[in-house]
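> Contents of protein34.txt (compact mmCIF, C-alpha atoms):
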# COMPACT_ATOMS: atom_id res chain seq x y z
CA MET A 1 -39.55 -74.95 -60.53
CA GLU A 2 -38.61 -76.95 -63.62
CA ASN A 3 -38.35 -80.41 -62.10
CA ARG A 4 -39.89 -83.46 -63.74
CA GLN A 5 -43.52 -82.92 -64.64
CA GLU A 6 -46.18 -85.34 -65.82
CA LEU A 7 -48.42 -83.28 -68.02
CA LEU A 8 -52.13 -83.97 -68.33
CA SER A 9 -53.51 -85.60 -71.45
CA SER A 10 -56.15 -84.04 -73.69
CA VAL A 11 -58.70 -86.48 -72.29
CA GLN A 12 -57.91 -85.31 -68.76
CA MET A 13 -58.12 -81.67 -69.83
CA ALA A 14 -61.47 -82.27 -71.53
CA ARG A 15 -62.69 -83.89 -68.34
CA PHE A 16 -61.59 -80.81 -66.40
CA VAL A 17 -63.39 -78.53 -68.86
CA ALA A 18 -66.58 -80.54 -68.41
CA ARG A 19 -66.43 -81.20 -64.66
CA GLY A 20 -64.50 -78.16 -63.44
CA SER A 21 -62.18 -80.31 -61.35
CA LEU A 22 -59.37 -82.83 -61.56
CA ARG A 23 -58.70 -85.30 -58.77
CA LEU A 24 -55.37 -87.03 -58.13
CA ASP A 25 -55.91 -89.73 -55.52
CA ALA A 26 -53.08 -90.47 -53.05
CA VAL A 27 -50.60 -88.60 -55.21
CA VAL A 28 -48.64 -87.41 -52.16
CA PRO A 29 -46.51 -90.07 -50.41
CA ALA A 30 -47.20 -91.03 -46.80
CA GLU A 31 -44.08 -89.45 -45.30
CA LEU A 32 -44.89 -86.12 -46.92
CA ASN A 33 -48.46 -86.34 -45.62
CA ALA A 34 -47.17 -86.91 -42.09
CA GLU A 35 -44.97 -83.85 -42.42
CA GLY A 36 -47.87 -81.95 -43.99
CA LEU A 37 -50.10 -82.53 -40.99
CA ARG A 38 -47.45 -81.00 -38.73
CA VAL A 39 -46.87 -78.07 -41.05
CA LEU A 40 -50.57 -77.31 -41.45
CA ALA A 41 -51.13 -77.52 -37.70
CA ASP A 42 -48.62 -74.67 -37.33
CA ASP A 43 -50.20 -72.80 -40.27
CA VAL A 44 -48.34 -71.70 -43.38
CA PRO A 45 -47.09 -68.10 -43.39
CA PRO A 46 -49.01 -65.97 -45.91
CA VAL A 47 -47.44 -64.75 -49.14
CA PRO A 48 -48.34 -61.43 -50.79
CA TYR A 49 -51.08 -61.65 -53.41
CA GLY A 50 -49.64 -62.26 -56.85
CA THR A 51 -46.28 -63.68 -55.79
CA PRO A 52 -44.61 -65.64 -58.62
CA LEU A 53 -44.64 -69.31 -57.72
CA SER A 54 -40.86 -69.64 -57.77
CA ALA A 55 -40.61 -66.91 -55.12
CA ALA A 56 -43.54 -67.97 -52.95
CA TYR A 57 -42.16 -70.96 -51.08
CA PRO A 58 -38.52 -71.51 -50.04
CA GLU A 59 -36.49 -74.25 -51.66
CA GLY A 60 -36.89 -77.45 -49.66
CA SER A 61 -39.98 -76.25 -47.77
CA PHE A 62 -42.95 -78.55 -47.42
CA VAL A 63 -45.18 -76.62 -49.81
CA ARG A 64 -42.42 -76.37 -52.39
CA ARG A 65 -41.86 -80.13 -52.30
CA LEU A 66 -45.61 -80.74 -52.50
CA LEU A 67 -45.80 -78.63 -55.66
CA GLU A 68 -42.72 -80.31 -57.13
CA LEU A 69 -44.27 -83.78 -57.10
CA PRO A 70 -44.24 -84.70 -60.81
CA ARG A 71 -47.98 -85.30 -61.14
CA VAL A 72 -48.89 -82.19 -59.14
CA ALA A 73 -46.41 -80.01 -61.01
CA GLY A 74 -47.55 -81.45 -64.34
CA ALA A 75 -51.21 -80.86 -63.64
CA LEU A 76 -50.54 -77.30 -62.51
CA ARG A 77 -48.49 -76.54 -65.60
CA SER A 78 -51.11 -78.11 -67.86
CA LEU A 79 -53.87 -76.00 -66.36
CA VAL A 80 -52.26 -72.59 -65.81
CA GLY A 81 -48.82 -72.82 -67.41
CA PRO A 82 -45.34 -72.08 -66.08
CA GLU A 83 -44.67 -69.68 -63.25
CA PRO A 84 -48.24 -68.80 -62.22
CA TRP A 85 -48.86 -66.30 -59.46
CA VAL A 86 -49.84 -67.52 -56.05
CA ASP A 87 -53.04 -65.59 -55.45
CA HIS A 88 -53.25 -66.72 -51.83
CA HIS A 89 -53.26 -69.85 -49.73
CA PHE A 90 -55.13 -70.91 -46.63
CA VAL A 91 -55.17 -73.80 -44.18
CA HIS A 92 -58.80 -74.88 -43.73
CA THR A 93 -59.73 -76.87 -40.62
CA ARG A 94 -63.03 -78.44 -39.62
CA GLU A 95 -63.31 -79.09 -35.90
CA PRO A 96 -64.63 -82.48 -34.74
CA HIS A 97 -68.38 -82.26 -34.09
CA GLY A 98 -68.07 -78.54 -34.52
CA GLY A 99 -69.11 -75.82 -36.89
CA ASP A 100 -71.71 -75.69 -39.57
CA ALA A 101 -71.55 -76.69 -43.17
CA GLN A 102 -70.48 -73.85 -45.43
CA ALA A 103 -73.07 -72.58 -47.85
CA LEU A 104 -72.49 -73.68 -51.41
CA HIS A 105 -70.36 -70.98 -53.00
CA GLY A 106 -67.79 -70.00 -55.58
CA ASP A 107 -64.65 -68.36 -54.19
CA ALA A 108 -63.75 -64.66 -54.58
CA ILE A 109 -66.34 -62.83 -56.71
CA ILE A 110 -68.20 -63.59 -59.89
CA ASP A 111 -65.59 -64.22 -62.58
CA VAL A 112 -66.84 -64.53 -66.14
CA ARG A 113 -63.58 -64.82 -68.08
CA GLN A 114 -64.17 -67.10 -71.06
CA ASP A 115 -60.58 -67.57 -72.23
CA ALA A 116 -58.73 -67.78 -68.91
CA PHE A 117 -59.28 -69.33 -65.51
CA ASP A 118 -57.63 -69.69 -62.13
CA VAL A 119 -57.24 -73.03 -60.40
CA GLN A 120 -57.42 -73.85 -56.75
CA LEU A 121 -55.33 -76.71 -55.45
CA MET A 122 -56.86 -78.55 -52.52
CA TYR A 123 -54.59 -80.92 -50.64
CA TYR A 124 -55.87 -83.47 -48.10
CA PRO A 125 -53.02 -84.83 -45.93
CA GLN A 126 -55.22 -87.37 -44.17
CA ALA A 127 -57.82 -89.88 -45.39
CA VAL A 128 -61.24 -88.21 -45.49
CA THR A 129 -64.34 -90.21 -44.64
CA LEU A 130 -67.94 -89.19 -45.37
CA GLU A 131 -68.44 -88.50 -41.65
CA MET A 132 -65.48 -86.09 -41.59
CA GLY A 133 -67.33 -83.70 -43.87
CA GLY A 134 -65.02 -83.57 -46.86
CA THR A 135 -65.48 -80.80 -49.37
CA LEU A 136 -68.78 -80.78 -51.21
CA SER A 137 -68.53 -79.80 -54.86
CA VAL A 138 -70.92 -79.78 -57.77
CA PRO A 139 -69.53 -81.26 -61.00
CA GLY A 140 -70.07 -79.03 -64.00
CA SER A 141 -71.08 -75.91 -62.04
CA HIS A 142 -67.99 -73.84 -62.88
CA LEU A 143 -69.41 -72.01 -65.89
CA ARG A 144 -72.50 -70.77 -64.03
CA ARG A 145 -72.56 -67.01 -63.63
CA THR A 146 -73.29 -66.64 -59.94
CA ASN A 147 -71.67 -64.56 -57.25
CA GLU A 148 -70.00 -66.22 -54.24
CA SER A 149 -72.60 -67.61 -51.80
CA ASP A 150 -75.73 -66.48 -53.65
CA THR A 151 -76.14 -70.21 -54.29
CA GLY A 152 -76.40 -70.86 -50.54
CA ARG A 153 -80.05 -71.87 -50.89
CA TYR A 154 -79.06 -75.07 -52.68
CA GLN A 155 -78.46 -77.66 -49.98
CA ASN A 156 -78.17 -80.71 -52.19
CA LEU A 157 -77.98 -81.33 -55.91
CA ARG A 158 -78.26 -84.66 -57.71
CA GLY A 159 -74.85 -86.01 -58.58
CA GLN A 160 -73.04 -83.74 -56.12
CA ASP A 161 -69.62 -84.90 -55.00
CA ARG A 162 -69.14 -85.33 -51.24
CA LEU A 163 -65.41 -85.88 -51.16
CA VAL A 164 -64.19 -89.13 -49.64
CA CYS A 165 -60.55 -89.76 -50.45
CA PRO A 166 -57.34 -91.47 -49.39
CA ALA A 167 -54.58 -89.53 -47.66
CA GLY A 168 -52.44 -87.45 -49.98
CA THR A 169 -55.17 -86.60 -52.44
CA VAL A 170 -54.91 -83.38 -54.44
CA VAL A 171 -57.86 -81.85 -56.26
CA PHE A 172 -57.64 -78.95 -58.70
CA LEU A 173 -60.78 -76.83 -59.04
CA HIS A 174 -61.71 -74.31 -61.71
CA HIS A 175 -62.26 -70.98 -59.95
CA GLY A 176 -65.99 -71.00 -60.60
CA LEU A 177 -66.83 -74.43 -59.20
CA TRP A 178 -69.56 -74.44 -56.55
CA HIS A 179 -68.23 -76.02 -53.38
CA GLY A 180 -68.28 -75.84 -49.58
CA GLY A 181 -66.82 -77.50 -46.53
CA ARG A 182 -69.29 -79.96 -45.03
CA ARG A 183 -70.07 -80.33 -41.34
CA ASN A 184 -67.56 -82.56 -39.56
CA ASP A 185 -69.54 -85.17 -37.62
CA SER A 186 -66.48 -87.24 -36.70
CA ASP A 187 -64.02 -87.21 -33.80
CA THR A 188 -61.17 -86.16 -36.07
CA LEU A 189 -59.91 -82.66 -36.85
CA ARG A 190 -59.89 -82.37 -40.64
CA TYR A 191 -57.30 -80.38 -42.59
CA MET A 192 -57.33 -79.08 -46.12
CA PHE A 193 -54.71 -76.79 -47.62
CA LYS A 194 -55.78 -74.60 -50.50
CA ILE A 195 -53.69 -72.54 -52.89
CA ARG A 196 -55.18 -70.38 -55.62
CA PHE A 197 -53.09 -69.86 -58.75
CA ASN A 198 -53.45 -67.17 -61.42
CA PRO A 199 -52.05 -67.89 -64.91
CA THR A 200 -49.41 -65.59 -66.34
CA VAL A 201 -49.46 -66.99 -69.87
CA ARG A 202 -52.25 -67.64 -72.33
CA GLN A 203 -53.82 -70.96 -71.42
CA GLN A 204 -53.58 -72.64 -74.78
CA ARG A 205 -52.29 -76.18 -75.45
CA LEU A 206 -50.25 -76.24 -72.25
CA TRP A 207 -50.84 -79.97 -71.76
CA ASP A 208 -49.68 -83.06 -73.68
CA THR A 209 -51.79 -82.70 -76.82
CA SER A 210 -50.65 -85.93 -78.49
CA ASP A 211 -54.14 -87.39 -77.92
CA LEU A 212 -56.06 -84.26 -78.98
CA HIS A 213 -58.18 -86.19 -81.47
CA ASP A 214 -58.92 -89.17 -79.22
CA PRO A 215 -62.69 -89.82 -79.43
CA GLN A 216 -62.74 -89.85 -75.63
CA VAL A 217 -62.13 -86.07 -75.70
CA ASN A 218 -65.56 -85.54 -77.26
CA ALA A 219 -67.12 -88.03 -74.85
CA GLU A 220 -65.74 -86.10 -71.87
CA LEU A 221 -66.88 -82.74 -73.23
CA ASP A 222 -70.35 -84.18 -73.89
CA ALA A 223 -70.91 -85.24 -70.26
CA MET A 224 -74.23 -84.34 -68.65
CA PHE A 225 -74.63 -84.17 -64.88
CA PRO A 226 -77.72 -85.32 -63.00
CA TRP A 227 -78.47 -81.89 -61.52
CA TYR A 228 -78.69 -80.14 -64.89
CA GLU A 229 -82.11 -79.08 -66.05
CA GLY A 230 -82.58 -80.60 -69.51
CA ALA A 231 -82.64 -77.32 -71.43
CA THR A 232 -79.83 -75.64 -69.49
CA GLY A 233 -77.70 -78.75 -69.88
CA ARG A 234 -77.59 -77.99 -73.59
CA LEU A 235 -76.30 -74.50 -72.84
CA GLU A 236 -73.64 -76.01 -70.60
CA ARG A 237 -72.29 -77.94 -73.57
CA TYR A 238 -72.41 -74.81 -75.74
CA ASN A 239 -70.27 -72.96 -73.18
CA ARG A 240 -67.86 -75.87 -72.81
CA ILE A 241 -67.32 -75.93 -76.55
CA LEU A 242 -66.35 -72.25 -76.43
CA LEU A 243 -63.91 -72.94 -73.60
CA TRP A 244 -62.39 -75.89 -75.47
CA ARG A 245 -62.00 -73.68 -78.55
CA ALA A 246 -60.16 -71.11 -76.44
CA LEU A 247 -57.89 -73.74 -74.86
CA THR A 248 -57.03 -75.49 -78.12
CA GLY A 249 -57.03 -72.45 -80.42
CA ASP A 250 -59.31 -74.38 -82.76
CA ASP A 251 -62.22 -72.08 -83.59
CA SER A 252 -63.87 -74.74 -85.69
CA TYR A 253 -64.24 -77.29 -82.91
CA ASP A 254 -67.80 -78.34 -82.23
CA LEU A 255 -69.76 -81.11 -80.65
CA ASP A 256 -72.97 -82.27 -82.32
CA HIS A 257 -73.22 -78.93 -84.18
CA TRP A 258 -74.31 -77.04 -81.01
CA VAL A 259 -72.35 -73.85 -81.73
CA THR A 260 -72.18 -74.09 -85.52
CA ARG A 261 -75.95 -74.29 -85.86
CA VAL A 262 -76.71 -71.07 -83.98
CA SER A 263 -73.82 -69.05 -85.39
CA ASN A 264 -74.45 -69.94 -89.05
CA ARG A 265 -75.32 -66.74 -90.90
CA PRO A 266 -74.46 -67.23 -94.60
CA ARG A 267 -73.78 -64.05 -96.55
CA GLY A 268 -73.38 -65.46 -100.02
CA LYS A 269 -76.15 -64.87 -102.58
CA THR A 270 -77.78 -67.54 -104.63
CA PRO A 271 -75.92 -67.73 -107.99
CA MET B 1 -103.90 -77.92 -33.84
CA ARG B 2 -103.47 -74.88 -31.59
CA THR B 3 -102.36 -71.80 -33.52
CA ASP B 4 -99.63 -70.96 -31.00
CA SER B 5 -97.97 -74.33 -31.58
CA ALA B 6 -98.31 -74.39 -35.37
CA ARG B 7 -94.97 -74.27 -37.14
CA GLN B 8 -94.00 -74.16 -40.79
CA GLN B 9 -91.74 -76.66 -42.50
CA VAL B 10 -90.43 -75.62 -45.89
CA LEU B 11 -89.29 -77.81 -48.75
CA VAL B 12 -87.63 -76.31 -51.82
CA LEU B 13 -87.46 -78.48 -54.91
CA TYR B 14 -85.55 -77.69 -58.08
CA LEU B 15 -87.06 -79.48 -61.04
CA SER B 16 -85.69 -80.48 -64.43
CA SER B 17 -88.21 -78.33 -66.30
CA SER B 18 -90.93 -75.79 -65.50
CA ALA B 19 -93.45 -78.63 -65.19
CA LEU B 20 -94.37 -79.57 -61.64
CA ASP B 21 -94.36 -83.24 -62.54
CA SER B 22 -90.78 -83.16 -63.83
CA TYR B 23 -88.04 -84.80 -61.80
CA VAL B 24 -86.12 -83.32 -58.89
CA VAL B 25 -82.55 -82.15 -59.55
CA GLY B 26 -81.96 -80.31 -56.26
CA TRP B 27 -83.55 -79.75 -52.87
CA ALA B 28 -83.40 -77.92 -49.56
CA ARG B 29 -85.37 -78.21 -46.32
CA TYR B 30 -86.01 -75.84 -43.42
CA ASP B 31 -87.74 -76.86 -40.21
CA GLY B 32 -89.62 -74.31 -38.13
CA THR B 33 -90.05 -76.81 -35.29
CA GLY B 34 -86.31 -76.92 -34.62
CA ARG B 35 -86.44 -80.70 -34.42
CA THR B 36 -84.19 -81.17 -37.41
CA SER B 37 -81.35 -79.09 -38.83
CA PRO B 38 -81.03 -79.82 -42.54
CA THR B 39 -77.85 -78.39 -44.02
CA THR B 40 -75.67 -78.21 -47.09
CA GLY B 41 -74.49 -81.54 -48.44
CA ASP B 42 -76.39 -83.71 -45.96
CA SER B 43 -77.92 -86.12 -48.46
CA ASP B 44 -77.37 -87.56 -51.91
CA GLU B 45 -80.93 -88.81 -52.34
CA PRO B 46 -83.80 -86.40 -53.07
CA PRO B 47 -86.83 -86.59 -50.76
CA TYR B 48 -89.15 -86.98 -53.77
CA GLU B 49 -88.69 -87.95 -57.39
CA THR B 50 -90.97 -85.20 -58.74
CA GLY B 51 -92.76 -82.09 -57.54
CA VAL B 52 -96.11 -83.83 -57.80
CA ALA B 53 -94.84 -86.61 -55.54
CA ALA B 54 -94.39 -83.97 -52.82
CA LEU B 55 -98.01 -82.81 -53.31
CA ARG B 56 -99.21 -86.38 -52.97
CA ASP B 57 -97.38 -86.62 -49.67
CA GLY B 58 -99.19 -83.61 -48.26
CA TRP B 59 -96.86 -80.70 -49.06
CA ARG B 60 -98.62 -77.53 -50.23
CA LEU B 61 -97.09 -75.51 -53.07
CA PHE B 62 -96.92 -71.80 -52.26
CA GLN B 63 -94.45 -70.38 -54.77
CA ALA B 64 -93.18 -71.31 -58.21
CA ALA B 65 -90.44 -69.60 -60.20
CA GLN B 66 -91.63 -67.37 -63.01
CA LEU B 67 -90.58 -68.04 -66.56
CA ILE B 68 -88.36 -65.12 -67.47
CA PRO B 69 -86.96 -64.73 -70.98
CA PRO B 70 -83.17 -64.41 -71.21
CA TYR B 71 -81.65 -60.96 -71.36
CA PRO B 72 -80.99 -59.99 -74.97
CA GLY B 73 -77.39 -60.82 -75.81
CA ARG B 74 -77.02 -63.19 -72.85
CA GLU B 75 -79.16 -66.04 -74.16
CA TYR B 76 -76.42 -68.67 -73.75
CA ASP B 77 -75.44 -67.76 -70.20
CA VAL B 78 -75.95 -70.29 -67.44
CA SER B 79 -76.59 -69.19 -63.87
CA PHE B 80 -79.03 -70.15 -61.10
CA LEU B 81 -81.37 -73.10 -61.33
CA LYS B 82 -84.51 -71.92 -63.08
CA HIS B 83 -87.31 -74.14 -61.90
CA GLU B 84 -87.64 -73.54 -58.17
CA PHE B 85 -90.75 -74.61 -56.24
CA PHE B 86 -91.46 -73.80 -52.59
CA PHE B 87 -93.69 -76.09 -50.55
CA GLU B 88 -94.87 -75.88 -46.98
CA ARG B 89 -96.33 -78.13 -44.36
CA ILE B 90 -97.83 -76.84 -41.10
CA VAL B 91 -97.11 -79.12 -38.14
CA ASP B 92 -97.96 -79.06 -34.46
CA ALA B 93 -94.73 -78.34 -32.62
CA SER B 94 -96.30 -79.38 -29.32
CA ALA B 95 -97.11 -82.89 -30.58
CA PRO B 96 -94.73 -85.56 -29.24
I'd like the structure from this file rewritten - as structure tokens, please.


Amino acid sequence: MENRQELLSSVQMARFVARGSLRLDAVVPAELNAEGLRVLADDVPPVPYGTPLSAAYPEGSFVRRLLELPRVAGALRSLVGPEPWVDHHFVHTREPHGGDAQALHGDAIIDVRQDAFDVQLMYYPQAVTLEMGGTLSVPGSHLRRTNESDTGRYQNLRGQDRLVCPAGTVVFLHHGLWHGGRRNDSDTLRYMFKIRFNPTVRQQRLWDTSDLHDPQVNAELDAMFPWYEGATGRLERYNRILLWRALTGDDSYDLDHWVTRVSNRPRGKTP
Amino acid sequence: MRTDSARQQVLVLYLSSSALDSYVVGWARYDGTGRTSPTTGDSDEPPYETGVAALRDGWRLFQAAQLIPPYPGREYDVSFLKHEFFFERIVDASAP
């Protein structure tokens, strides 16, 4: 799958590292969304866990064409590199006026890798209103060490994101991001198609790094979210700095001295 | 209030520090009367600005999270919210 790709910028990557998600509004054209609704209604046949992307979906199939859209392909390559594995995919539906909200959770099991991550693509073929119960997610929750739905007690957090989006929106989530499908209080059946990808290369400088030293990179990495407790928010930045170091290969990167200060252990003696 | 019609409502507030008068960063509600069904992602606005504001509105605090030092070697880990406060209110379920 080496068609045209629009790679992410460093500023976009830094935003992903801070927020744990990347949203591409209306990136899928209307005719593909119409086809997508039909395809998802019939379900998408499963693929074996760990199938290389190029072997997962037939040439010309709906999913293949979705993933070949230049901005989608570029974002995927920037985040996990070429030829990731398809971990699994699933068509999520929320019945009109039916079902309960999912508990806030992270997918799979606790995953504490500090120099690698999976991404989950979420595709919304139709416009999602607040009433339709779009996916709830919590910006900046992806580095929390919690297991699956142990976070189910948290009903609402300040600054949470209750997804409302135009048709054809694609969101990429870091594997650890807390999220859940909200209750659908509308008359419309809601679809979401999710694919989880595992990287097969080291995730280092896979994006367009020409703006690596743009001051906005630091501003993105320094973001605080309203649900953070003050003290823990500082630890969030510490952990983000470590992730940015891993992604850029720059072990000297820091933000306001957060990591340098607590790892400074001089060994030299006074002359 | 008759004891057989008394029901518990529970409010959980997550605060920005261990101080009860610090501001609310997260919340959950449970209703023993069955009149309401609070759920995940049902509101963007907290019911109170601080824990003390809930006390002033009649909620009774019955549990507060302990302050637990980090595990040695894991001091920089982030996990669950630390400052969790449980409140209750007893209401008459038979009242109209």

> Report as a Markdown table the residues of chain B within 7 Å of chain A, each with its shortest atom pair and distance in Å (one decimal), using all atoms listed in the file, ordered by chain and increasing residue number.


| residue | atom | partner | partner_atom | distance |
| --- | --- | --- | --- | --- |
| B:Ser16 | CA | A:Glu229 | CA | 4.2 |
| B:Ser17 | CA | A:Glu229 | CA | 6.2 |
| B:Val25 | CA | A:Trp227 | CA | 4.5 |
| B:Gly26 | CA | A:Leu157 | CA | 4.1 |
| B:Trp27 | CA | A:Asn156 | CA | 5.5 |
| B:Ala28 | CA | A:Gln155 | CA | 5.0 |
| B:Thr39 | CA | A:Gln155 | CA | 6.0 |
| B:Thr40 | CA | A:Gln155 | CA | 4.1 |
| B:Gly41 | CA | A:Asn156 | CA | 5.3 |
| B:Ser43 | CA | A:Asn156 | CA | 6.6 |
| B:Asp44 | CA | A:Arg158 | CA | 6.5 |
| B:Tyr76 | CA | A:Leu235 | CA | 5.9 |
| B:Val78 | CA | A:Arg144 | CA | 4.9 |
| B:Ser79 | CA | A:Arg144 | CA | 4.4 |
| B:Phe80 | CA | A:Thr146 | CA | 6.8 |

> Between A:Arg202, A:Arg94, A:Lys194, A:His88, single out the one closest to Gly249 of chain A, counting all atoms listed in the file.

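Residue with the minimum atom-to-atom distance to Gly249 of chain A: A:Arg202.
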
> What's the separation between atom CA of Leu163 of chain A and atom CA of Asp107 of chain A, in Å to one decimal place?

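The value is 17.8 Å.
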
> Would you list the contacts of Ala93 of chain B as a list in words, taking every protein, DNA or RNA residue within 8 Å and counting all atoms listed in the file, but skipping same-chain residues closer than 2 positions in sequence?

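Residues near the query, excluding close chain neighbours: Ser5, Ala6, Arg7, Thr33, Val91, Ala95 and Pro96 of chain B.
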
> Report, in Å with one decimal, the straight-line distance from atom CA of Glu68 of chain A to atom CA of Pro82 of chain A.

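It comes out at 12.4 Å.
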
> Between B:Gln66, B:Thr36, B:Ser94, B:Thr50, single out the one closest to Ser22 of chain B, counting all atoms listed in the file.

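Smallest distance to Ser22 of chain B is found for B:Thr50.
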
> Rounded to one decimal, what separation in Å do you get between atom CA of Thr209 of chain A and atom CA of Ser10 of chain A?

5.5 Å

> List as a list of chain:residue names the residues having at least one atom at most 10 Å from position (-50.6, -70.5, -40.7) as given in the file, counting only C-alpha atoms.

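Neighbouring residues, ordered by chain and number, come to A:Val39, A:Leu40, A:Ala41, A:Asp42, A:Asp43, A:Val44, A:Pro45, A:Pro46, A:His89, A:Phe90, A:Val91, A:His92.
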
> Hey, can you pull every residue with an atom no more than 6 Å from (-92.0, -80.6, -41.5), using all atoms listed in the file, and send it as a PyMOL selection string?

chain B and resi 9+31+89

> Let me make sure I understand: among B:Leu15, B:Phe85, B:Pro72, B:Leu61, which one has the smallest atom-to-atom distance to Pro46 of chain B if we use all atoms listed in the file?

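Between B:Leu15, B:Phe85, B:Pro72, B:Leu61, the residue approaching Pro46 of chain B most closely is B:Leu15.
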
> Which one is closest to Ala55 of chain A: A:Val72, A:Val164, A:Val27, A:Val86? Count only C-alpha atoms.

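Among A:Val72, A:Val164, A:Val27, A:Val86, it is A:Val86 that comes nearest to Ala55 of chain A.
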